[in-house]
$ cat coords.tsv   # TSV, C-alpha atoms and all ligand atoms
chain	number	residue	atom	x	y	z
A	1	MET	CA	224.62	-36.16	-55.67
A	2	ASN	CA	223.95	-39.31	-53.61
A	3	LYS	CA	224.70	-42.58	-55.35
A	4	ILE	CA	221.55	-44.30	-56.49
A	5	GLU	CA	220.26	-47.02	-54.13
A	6	LEU	CA	219.94	-50.64	-55.25
A	7	LEU	CA	217.00	-52.08	-53.31
A	8	ALA	CA	216.52	-55.85	-53.21
A	9	PRO	CA	213.69	-58.06	-51.96
A	10	ALA	CA	214.13	-60.82	-49.42
A	11	GLY	CA	211.73	-63.51	-48.22
A	12	ASN	CA	213.82	-64.64	-45.26
A	13	LEU	CA	216.88	-63.76	-43.21
A	14	GLU	CA	219.29	-65.85	-45.25
A	15	LYS	CA	218.17	-64.26	-48.53
A	16	ALA	CA	218.32	-60.77	-47.02
A	17	LYS	CA	221.91	-61.29	-45.91
A	18	ILE	CA	222.82	-62.72	-49.32
A	19	ALA	CA	221.27	-59.70	-51.08
A	20	ILE	CA	223.34	-57.35	-48.92
A	21	LEU	CA	226.55	-59.34	-49.38
A	22	TYR	CA	225.99	-59.37	-53.16
A	23	GLY	CA	225.67	-55.61	-53.34
A	24	ALA	CA	222.23	-54.35	-52.30
A	25	ASP	CA	222.31	-50.95	-50.60
A	26	ALA	CA	219.02	-51.81	-48.94
A	27	VAL	CA	216.65	-54.76	-48.65
A	28	TYR	CA	212.89	-54.76	-48.25
A	29	ILE	CA	211.19	-57.42	-46.22
A	30	GLY	CA	207.78	-58.14	-44.73
A	31	GLY	CA	206.93	-58.97	-41.18
A	32	LYS	CA	204.37	-61.56	-40.23
A	33	GLN	CA	201.63	-58.90	-40.11
A	34	PHE	CA	200.40	-55.96	-42.17
A	35	SER	CA	202.33	-56.93	-45.30
A	36	LEU	CA	201.46	-58.01	-48.82
A	37	ARG	CA	203.13	-61.21	-49.92
A	38	SER	CA	202.52	-62.51	-46.41
A	39	ARG	CA	203.24	-65.99	-47.74
A	40	ALA	CA	206.72	-64.78	-48.65
A	41	SER	CA	207.20	-62.85	-45.45
A	42	ASN	CA	208.36	-64.84	-42.54
A	43	PHE	CA	210.36	-62.30	-40.57
A	44	SER	CA	209.70	-62.34	-36.87
A	45	ILE	CA	210.50	-59.23	-34.87
A	46	ASP	CA	213.70	-60.91	-33.62
A	47	GLU	CA	214.74	-61.66	-37.20
A	48	ILE	CA	214.08	-58.09	-38.30
A	49	ALA	CA	216.22	-56.91	-35.37
A	50	GLU	CA	219.03	-59.29	-36.36
A	51	LEU	CA	218.82	-58.11	-39.97
A	52	VAL	CA	219.00	-54.44	-38.97
A	53	LYS	CA	222.20	-55.17	-37.03
A	54	PHE	CA	223.64	-57.06	-40.01
A	55	ALA	CA	222.63	-54.28	-42.42
A	56	ASN	CA	224.15	-51.59	-40.20
A	57	ALA	CA	227.40	-53.53	-40.07
A	58	HIS	CA	227.42	-53.66	-43.89
A	59	ASN	CA	226.41	-50.06	-44.50
A	60	SER	CA	223.02	-51.15	-45.79
A	61	HIS	CA	219.40	-50.39	-44.86
A	62	VAL	CA	216.27	-52.38	-44.04
A	63	HIS	CA	212.86	-51.31	-45.35
A	64	VAL	CA	209.80	-53.11	-43.99
A	65	THR	CA	206.64	-53.44	-46.05
A	66	VAL	CA	203.54	-52.52	-44.09
A	67	ASN	CA	201.56	-52.37	-47.29
A	68	MET	CA	198.37	-54.38	-46.91
A	69	LEU	CA	195.07	-52.62	-47.48
A	70	PRO	CA	193.67	-53.17	-44.03
A	71	HIS	CA	190.06	-53.86	-43.18
A	72	GLU	CA	188.77	-52.84	-39.74
A	73	SER	CA	190.02	-55.85	-37.81
A	74	ASP	CA	193.39	-55.86	-39.60
A	75	LEU	CA	194.43	-52.68	-37.78
A	76	ASP	CA	194.54	-54.29	-34.35
A	77	GLY	CA	198.05	-54.00	-32.98
A	78	ILE	CA	199.39	-51.69	-35.69
A	79	GLU	CA	200.48	-48.98	-33.24
A	80	ASP	CA	202.61	-51.38	-31.18
A	81	TYR	CA	204.02	-52.89	-34.36
A	82	LEU	CA	205.16	-49.50	-35.69
A	83	LYS	CA	206.68	-48.57	-32.34
A	84	THR	CA	208.58	-51.86	-32.26
A	85	LEU	CA	209.93	-51.37	-35.79
A	86	ASP	CA	211.04	-47.90	-34.77
A	87	LEU	CA	212.79	-49.22	-31.68
A	88	ILE	CA	214.57	-51.88	-33.72
A	89	GLY	CA	215.91	-49.14	-36.00
A	90	VAL	CA	214.51	-50.06	-39.42
A	91	HIS	CA	215.33	-47.39	-41.98
A	92	ALA	CA	211.93	-47.15	-43.66
A	93	ILE	CA	208.47	-48.65	-43.95
A	94	ILE	CA	206.66	-49.00	-47.28
A	95	VAL	CA	202.98	-48.22	-46.82
A	96	ALA	CA	199.79	-48.27	-48.86
A	97	SER	CA	197.21	-47.28	-46.28
A	98	PRO	CA	197.03	-43.51	-45.62
A	99	SER	CA	195.90	-44.24	-42.07
A	100	ILE	CA	199.08	-46.22	-41.35
A	101	MET	CA	201.21	-43.50	-42.98
A	102	MET	CA	199.66	-40.80	-40.81
A	103	LEU	CA	199.85	-42.99	-37.70
A	104	ALA	CA	203.59	-43.50	-38.21
A	105	LYS	CA	204.07	-39.74	-38.45
A	106	LYS	CA	201.78	-39.05	-35.50
A	107	LEU	CA	203.74	-41.51	-33.36
A	108	GLY	CA	206.92	-39.60	-34.26
A	109	CYS	CA	208.65	-42.70	-35.62
A	110	LYS	CA	212.20	-42.00	-36.78
A	111	PHE	CA	212.00	-44.28	-39.80
A	112	GLU	CA	211.13	-42.90	-43.22
A	113	VAL	CA	207.67	-43.54	-44.65
A	114	HIS	CA	207.69	-44.57	-48.30
A	115	VAL	CA	204.48	-44.44	-50.31
A	116	SER	CA	203.83	-47.82	-51.89
A	117	THR	CA	203.48	-48.34	-55.63
A	118	GLN	CA	199.90	-49.43	-54.90
A	119	HIS	CA	198.99	-45.74	-54.86
A	120	SER	CA	199.62	-45.64	-58.61
A	121	SER	CA	201.60	-42.38	-58.41
A	122	THR	CA	202.22	-41.50	-62.04
A	123	ASN	CA	202.76	-37.72	-61.98
A	124	SER	CA	204.43	-34.91	-60.05
A	125	SER	CA	201.23	-33.58	-58.51
A	126	ALA	CA	200.65	-36.98	-56.89
A	127	VAL	CA	204.21	-36.84	-55.55
A	128	ARG	CA	203.60	-33.29	-54.29
A	129	PHE	CA	200.47	-34.50	-52.49
A	130	TRP	CA	202.52	-37.06	-50.59
A	131	GLU	CA	205.19	-34.49	-49.82
A	132	GLU	CA	202.51	-32.22	-48.32
A	133	LYS	CA	201.37	-35.16	-46.19
A	134	GLY	CA	204.89	-35.43	-44.78
A	135	MET	CA	205.97	-38.63	-46.56
A	136	ASP	CA	209.64	-39.25	-47.33
A	137	ARG	CA	209.71	-41.15	-50.64
A	138	VAL	CA	207.33	-42.25	-53.39
A	139	VAL	CA	207.55	-45.59	-55.17
A	140	LEU	CA	206.19	-44.78	-58.61
A	141	ALA	CA	203.62	-46.92	-60.39
A	142	ARG	CA	205.14	-49.48	-62.73
A	143	GLU	CA	202.86	-48.04	-65.41
A	144	CYS	CA	205.04	-44.90	-65.68
A	145	GLN	CA	206.92	-44.30	-68.90
A	146	MET	CA	210.45	-42.91	-69.05
A	147	GLU	CA	209.24	-39.39	-69.84
A	148	ASP	CA	206.88	-39.45	-66.82
A	149	ILE	CA	209.77	-40.37	-64.56
A	150	ARG	CA	212.03	-37.73	-66.10
A	151	SER	CA	209.43	-34.96	-65.53
A	152	ILE	CA	208.71	-36.10	-61.98
A	153	CYS	CA	212.42	-36.15	-61.10
A	154	GLU	CA	212.94	-32.70	-62.65
A	155	GLU	CA	210.41	-31.30	-60.16
A	156	ASN	CA	212.70	-32.57	-57.37
A	157	ILE	CA	209.86	-32.94	-54.85
A	158	LEU	CA	210.66	-36.17	-53.02
A	159	PRO	CA	213.11	-39.04	-53.54
A	160	ILE	CA	211.71	-41.33	-56.22
A	161	GLU	CA	211.91	-45.14	-56.33
A	162	VAL	CA	211.29	-47.12	-59.52
A	163	PHE	CA	211.06	-50.81	-60.32
A	164	ILE	CA	213.83	-52.20	-62.50
A	165	HIS	CA	213.37	-55.95	-62.39
A	166	GLY	CA	210.88	-58.72	-61.71
A	167	GLY	CA	207.19	-59.46	-62.01
A	168	MET	CA	204.72	-56.84	-63.15
A	169	CYS	CA	201.27	-56.56	-61.61
A	170	ILE	CA	199.26	-56.75	-64.78
A	171	SER	CA	196.33	-54.95	-63.16
A	172	PHE	CA	197.18	-51.32	-62.57
A	173	SER	CA	199.56	-51.22	-59.57
A	174	GLY	CA	198.02	-54.27	-57.98
A	175	ARG	CA	194.42	-53.03	-58.08
A	176	CYS	CA	193.36	-56.55	-58.68
A	177	VAL	CA	191.00	-59.19	-57.37
A	178	LEU	CA	191.90	-62.00	-59.76
A	179	SER	CA	193.47	-64.02	-56.99
A	180	ASN	CA	190.53	-63.36	-54.67
A	181	HIS	CA	188.09	-64.73	-57.25
A	182	MET	CA	190.13	-67.68	-58.42
A	183	THR	CA	191.67	-68.91	-55.20
A	184	LEU	CA	189.90	-67.03	-52.40
A	185	ARG	CA	193.29	-65.54	-51.54
A	186	ASP	CA	193.12	-61.76	-51.01
A	187	ALA	CA	195.84	-60.07	-53.07
A	188	ASN	CA	195.62	-56.92	-51.01
A	189	ARG	CA	196.01	-58.72	-47.74
A	190	GLY	CA	199.08	-60.72	-48.59
A	191	GLY	CA	197.59	-63.69	-50.39
A	192	CYS	CA	198.12	-63.10	-54.12
A	193	ALA	CA	198.31	-66.40	-56.00
A	194	GLN	CA	199.71	-64.60	-59.07
A	195	SER	CA	196.78	-65.76	-61.17
A	196	CYS	CA	197.74	-63.28	-63.89
A	197	ARG	CA	200.86	-65.35	-64.58
A	198	TRP	CA	199.04	-68.65	-65.04
A	199	LYS	CA	198.46	-70.13	-68.48
A	200	TYR	CA	194.86	-70.15	-69.71
A	201	HIS	CA	192.86	-71.84	-72.42
A	202	LEU	CA	191.10	-68.84	-74.02
A	203	MET	CA	187.62	-69.93	-75.03
A	204	ASP	CA	184.83	-68.29	-77.02
A	205	GLY	CA	181.97	-70.65	-76.25
A	206	GLU	CA	183.19	-74.05	-77.35
A	207	THR	CA	185.90	-72.63	-79.60
A	208	GLU	CA	189.43	-72.37	-78.28
A	209	LEU	CA	191.07	-69.09	-79.37
A	210	SER	CA	194.43	-69.76	-77.78
A	211	ASP	CA	197.13	-71.83	-79.38
A	212	PRO	CA	197.22	-75.04	-77.29
A	213	THR	CA	201.01	-75.13	-77.66
A	214	ASN	CA	201.35	-71.54	-76.46
A	215	LEU	CA	198.59	-70.86	-73.98
A	216	PHE	CA	197.35	-67.37	-73.12
A	217	SER	CA	198.77	-65.53	-70.11
A	218	MET	CA	197.78	-62.08	-68.84
A	219	SER	CA	201.29	-61.40	-67.61
A	220	SER	CA	203.61	-63.14	-70.00
A	221	LYS	CA	206.82	-61.21	-69.25
A	222	ASP	CA	208.71	-59.86	-66.26
A	223	LEU	CA	210.40	-56.46	-66.21
A	224	GLN	CA	214.10	-56.14	-67.05
A	225	ALA	CA	215.42	-52.56	-67.17
A	226	VAL	CA	219.14	-52.98	-67.79
A	227	ASP	CA	218.94	-50.58	-70.78
A	228	TYR	CA	217.44	-47.82	-68.62
A	229	ILE	CA	219.73	-47.74	-65.57
A	230	GLU	CA	222.01	-45.02	-66.96
A	231	ASP	CA	218.98	-42.82	-67.69
A	232	PHE	CA	217.59	-43.36	-64.20
A	233	ILE	CA	220.91	-42.34	-62.68
A	234	HIS	CA	221.11	-39.19	-64.78
A	235	MET	CA	217.47	-38.30	-64.05
A	236	GLY	CA	218.20	-38.32	-60.30
A	237	VAL	CA	216.05	-41.33	-59.34
A	238	ALA	CA	216.85	-42.19	-55.71
A	239	SER	CA	216.30	-45.94	-55.69
A	240	LEU	CA	216.15	-48.88	-58.11
A	241	LYS	CA	213.91	-51.65	-56.89
A	242	ILE	CA	214.07	-55.34	-57.73
A	243	GLU	CA	210.82	-57.30	-57.27
A	244	GLY	CA	210.58	-60.88	-56.03
A	245	ARG	CA	210.43	-61.68	-52.35
A	246	MET	CA	209.58	-65.28	-53.22
A	247	LYS	CA	212.58	-65.82	-55.51
A	248	SER	CA	215.49	-68.10	-54.63
A	249	ALA	CA	218.76	-67.08	-53.04
A	250	TYR	CA	220.52	-67.93	-56.32
A	251	TYR	CA	218.21	-65.64	-58.30
A	252	LEU	CA	218.73	-62.83	-55.83
A	253	ALA	CA	222.50	-63.14	-55.75
A	254	THR	CA	222.67	-63.20	-59.55
A	255	VAL	CA	220.29	-60.33	-60.21
A	256	VAL	CA	221.59	-58.11	-57.40
A	257	SER	CA	225.26	-58.58	-58.28
A	258	SER	CA	224.53	-57.95	-61.98
A	259	TYR	CA	222.80	-54.62	-61.37
A	260	ARG	CA	225.49	-53.75	-58.79
A	261	MET	CA	228.15	-54.29	-61.45
A	262	LEU	CA	226.26	-52.09	-63.93
A	263	ILE	CA	225.59	-49.25	-61.48
A	264	ASP	CA	229.21	-49.16	-60.30
A	265	TYR	CA	230.42	-49.23	-63.90
A	266	ILE	CA	228.24	-46.25	-64.83
A	267	TYR	CA	229.47	-44.22	-61.84
A	268	GLU	CA	233.06	-45.08	-62.69
A	269	HIS	CA	232.88	-44.39	-66.43
A	270	GLY	CA	230.01	-41.88	-66.63
A	271	HIS	CA	228.02	-44.08	-68.99
A	272	ALA	CA	227.15	-47.67	-69.86
A	273	ASP	CA	228.59	-49.08	-73.08
A	274	GLU	CA	227.30	-51.96	-75.15
A	275	LYS	CA	229.81	-54.41	-73.72
A	276	ILE	CA	228.75	-53.96	-70.08
A	277	ILE	CA	225.06	-53.96	-71.02
A	278	GLU	CA	225.43	-57.28	-72.84
A	279	ARG	CA	227.50	-58.75	-70.01
A	280	VAL	CA	224.90	-57.79	-67.42
A	281	LYS	CA	222.01	-59.14	-69.51
A	282	LYS	CA	223.87	-62.40	-69.96
A	283	GLU	CA	224.48	-62.71	-66.23
A	284	ILE	CA	220.83	-61.99	-65.39
A	285	ALA	CA	219.64	-64.51	-67.96
A	286	LYS	CA	221.36	-67.25	-65.93
A	287	ALA	CA	218.82	-66.74	-63.17
A	288	GLU	CA	215.70	-65.97	-65.18
A	289	ASN	CA	212.95	-68.52	-65.56
A	290	ARG	CA	210.48	-66.23	-67.37
A	291	PRO	CA	210.79	-64.08	-70.49
A	292	THR	CA	211.54	-60.42	-69.76
A	293	GLY	CA	210.80	-57.07	-71.40
A	294	PRO	CA	210.92	-53.31	-70.74
A	295	GLY	CA	207.51	-53.20	-69.04
A	296	PHE	CA	205.81	-49.88	-69.74
A	297	TYR	CA	209.01	-47.79	-69.95
A	298	ASN	CA	208.74	-47.58	-73.73
A	299	GLY	CA	205.01	-46.84	-73.68
A	300	LEU	CA	201.63	-48.14	-72.61
A	301	PRO	CA	199.55	-50.46	-74.79
A	302	GLY	CA	197.20	-48.38	-76.94
A	303	TYR	CA	199.22	-45.12	-76.75
A	401	LIG	S1	197.13	-61.67	-59.76
A	401	LIG	FE1	198.76	-60.59	-60.86
A	401	LIG	S2	197.95	-58.53	-61.24
A	401	LIG	FE2	196.71	-59.46	-59.64
A	401	LIG	S3	197.66	-58.75	-57.72
A	401	LIG	FE3	198.51	-60.76	-58.22
A	401	LIG	S4	200.43	-60.33	-59.37
A	401	LIG	FE4	199.16	-58.45	-59.35
$ encode --input "coords.tsv" --output "structure tokens"
Amino acid sequence: MNKIELLAPAGNLEKAKIAILYGADAVYIGGKQFSLRSRASNFSIDEIAELVKFANAHNSHVHVTVNMLPHESDLDGIEDYLKTLDLIGVHAIIVASPSIMMLAKKLGCKFEVHVSTQHSSTNSSAVRFWEEKGMDRVVLARECQMEDIRSICEENILPIEVFIHGGMCISFSGRCVLSNHMTLRDANRGGCAQSCRWKYHLMDGETELSDPTNLFSMSSKDLQAVDYIEDFIHMGVASLKIEGRMKSAYYLATVVSSYRMLIDYIYEHGHADEKIIERVKKEIAKAENRPTGPGFYNGLPGY
């Protein structure tokens, strides 16, 4: 069985190299075009090429997000862009638009095509659909519960990637226009202002329902899945993904090295004991600036 992949985000070249040096098996980045989080994505083609060389030298991979939901004019230049990424030797692209997925396959690109979490894949028949379309990996929706992931992995259809750490999109897999309405920044074209994480005064007419000392937030906690890593390994999940392309180099180094330590420990000892779990949580807490929780892994609200 292949060792599970630890996949880290990076907003620039320096952070990407740090993530690799601190133990990421792969990093995901965005180019200047066709990517969500465009404000966090400042990789030029030359920088992507430099990173691929660096990653190859460190036995690591580079995944490039090409995951915007394109409108007509957004597709200009996509063919040349995909060909260039292929020539550079990126390992995979992460895609939301079916037209870009099929184009990459039609062009015969050597890189893998990973189906973005924005497709809200929550069951094995969705994964089978993508397998039939020739895709190489599915990033599951963050709304999956542990039992969903276990069943999907048991079907052994395609390699499965799951989120283990970072911000949650509080609207189902990013199907969200909060940012568009509040800031005129299009969340599905790289402009999300993370409006779900702001603090709000919750009003009913003139009456404030929220506690002024603890204002209401739609997304009050980030994901932290330290307790679930052993299960993911035993289920046969292919890749563990950390979210946060806008986070600092310090955050990345801390979070990546902590999960690296845990994964290596589990492979060495066959399981994770309380001591290593506590140690890893303590390490991660040094870098956290938001409260964390298990996301939806223990269940969805209302179920
Ligand atoms: S505002 Fe929040 S839920 Fe909406 S796309 Fe942005 S991060 Fe996701």
$ atom_distance --input "coords.tsv" --atom1 "CA of Leu13 in chain A" --atom2 "CA of Leu184 in chain A"
28.7 Å
$ closest_residue --input "coords.tsv" --among "A:Lys53, A:Lys17, A:His269, A:Arg175" --to "Ala253 in chain A" --atoms "only C-alpha atoms"
A:Lys17
$ closest_residue --input "coords.tsv" --among "A:Ser195, A:Ser44, A:Gly30, A:Pro291" --to "Val177 in chain A" --atoms "only C-alpha atoms"
A:Ser195
$ residues_near_ligand --input "coords.tsv" --ligand "ligand LIG 401 (chain A)" --cutoff "8 Å" --atoms "all atoms listed in the file" --output "VMD selection string"
chain A and resid 167 to 179 187 to 188 192 to 197 219
$ closest_residue --input "coords.tsv" --among "A:Ala26, A:Leu82, A:Ile277, A:Ala96" --to "Gly108 in chain A" --atoms "all atoms listed in the file"
A:Leu82
$ closest_residue --input "coords.tsv" --among "A:Asn42, A:Ser116, A:Asn2, A:Gln145" --to "Pro294 in chain A" --atoms "all atoms listed in the file"
A:Gln145
$ atom_distance --input "coords.tsv" --atom1 "CA of Met68 in chain A" --atom2 "CA of Glu132 in chain A"
22.6 Å
$ closest_residue --input "coords.tsv" --among "A:Gly270, A:Gly236, A:Pro98, A:Gly244" --to "Ala16 in chain A" --atoms "only C-alpha atoms"
A:Gly244
$ atom_distance --input "coords.tsv" --atom1 "CA of Gly190 in chain A" --atom2 "CA of Asn67 in chain A"
8.8 Å
$ residues_around --input "coords.tsv" --residues "range 110-115 of chain A" --least-positions-apart "3" --cutoff "9 Å" --atoms "only C-alpha atoms" --output "VMD selection string"
chain A and resid 63 67 85 to 87 89 to 98 101 104 to 105 118 to 119 121 130 134 to 140
$ closest_residue --input "coords.tsv" --among "A:Ala57, A:Met235, A:Val127, A:Val162" --to "Leu223 in chain A" --atoms "only C-alpha atoms"
A:Val162
$ residues_around --input "coords.tsv" --residues "Gly295 in chain A" --least-positions-apart "5" --cutoff "12 Å" --atoms "only C-alpha atoms" --output "number ranges by chain"
A: 141-146, 162-170, 219-228, 300-301
$ axis_aligned_box --input "coords.tsv" --around "range 183-189 of chain A" --padding-each-side "6 Å" --output "JSON"
{"center_x": 193.0, "center_y": -62.9, "center_z": -51.5, "size_x": 18.1, "size_y": 24.0, "size_z": 19.5}
$ residues_near_point --input "coords.tsv" --point "(221.8, -55.4, -62.6)" --cutoff "10 Å" --atoms "only C-alpha atoms" --output "JSON, numbers by chain"
{"A": [6, 164, 165, 224, 225, 226, 227, 229, 240, 242, 254, 255, 256, 257, 258, 259, 260, 261, 262, 263, 264, 277, 279, 280, 281, 283, 284]}
$ build_atoms --input "coords.tsv" --residues "range 220-239 of chain A" --atoms "N, CA and C atoms" --output "short mmCIF file (atom, residue, chain, number, x, y, z; two decimals), in the coordinates of the input"
data_model
loop_
_atom_site.label_atom_id
_atom_site.label_comp_id
_atom_site.auth_asym_id
_atom_site.auth_seq_id
_atom_site.Cartn_x
_atom_site.Cartn_y
_atom_site.Cartn_z
N SER A 220 202.71 -62.16 -69.38
CA SER A 220 203.61 -63.14 -70.00
C SER A 220 205.08 -62.83 -69.79
N LYS A 221 205.40 -61.57 -69.39
CA LYS A 221 206.82 -61.21 -69.25
C LYS A 221 207.07 -60.47 -67.94
N ASP A 222 208.26 -60.65 -67.40
CA ASP A 222 208.71 -59.86 -66.26
C ASP A 222 209.45 -58.63 -66.77
N LEU A 223 209.66 -57.69 -65.88
CA LEU A 223 210.40 -56.46 -66.21
C LEU A 223 211.91 -56.72 -66.15
N GLN A 224 212.63 -56.14 -67.09
CA GLN A 224 214.10 -56.14 -67.05
C GLN A 224 214.53 -54.81 -67.63
N ALA A 225 215.16 -53.95 -66.77
CA ALA A 225 215.42 -52.56 -67.17
C ALA A 225 216.90 -52.23 -67.29
N VAL A 226 217.69 -53.22 -67.67
CA VAL A 226 219.14 -52.98 -67.79
C VAL A 226 219.43 -51.78 -68.71
N ASP A 227 218.68 -51.66 -69.80
CA ASP A 227 218.94 -50.58 -70.78
C ASP A 227 218.63 -49.18 -70.24
N TYR A 228 217.92 -49.12 -69.10
CA TYR A 228 217.44 -47.82 -68.62
C TYR A 228 218.18 -47.31 -67.38
N ILE A 229 219.10 -48.11 -66.84
CA ILE A 229 219.73 -47.74 -65.57
C ILE A 229 220.51 -46.42 -65.69
N GLU A 230 221.25 -46.26 -66.79
CA GLU A 230 222.01 -45.02 -66.96
C GLU A 230 221.07 -43.81 -66.95
N ASP A 231 219.95 -43.92 -67.67
CA ASP A 231 218.98 -42.82 -67.69
C ASP A 231 218.45 -42.53 -66.29
N PHE A 232 218.12 -43.58 -65.56
CA PHE A 232 217.59 -43.36 -64.20
C PHE A 232 218.61 -42.62 -63.34
N ILE A 233 219.86 -43.00 -63.47
CA ILE A 233 220.91 -42.34 -62.68
C ILE A 233 220.98 -40.87 -63.06
N HIS A 234 221.00 -40.58 -64.34
CA HIS A 234 221.11 -39.19 -64.78
C HIS A 234 219.86 -38.37 -64.46
N MET A 235 218.70 -39.03 -64.40
CA MET A 235 217.47 -38.30 -64.05
C MET A 235 217.45 -37.88 -62.58
N GLY A 236 218.23 -38.60 -61.74
CA GLY A 236 218.20 -38.32 -60.30
C GLY A 236 217.23 -39.19 -59.53
N VAL A 237 216.86 -40.34 -60.09
CA VAL A 237 216.05 -41.33 -59.34
C VAL A 237 216.85 -41.73 -58.10
N ALA A 238 216.15 -41.88 -56.96
CA ALA A 238 216.85 -42.19 -55.71
C ALA A 238 217.11 -43.68 -55.53
N SER A 239 216.19 -44.52 -56.02
CA SER A 239 216.30 -45.94 -55.69
C SER A 239 215.78 -46.82 -56.82
#
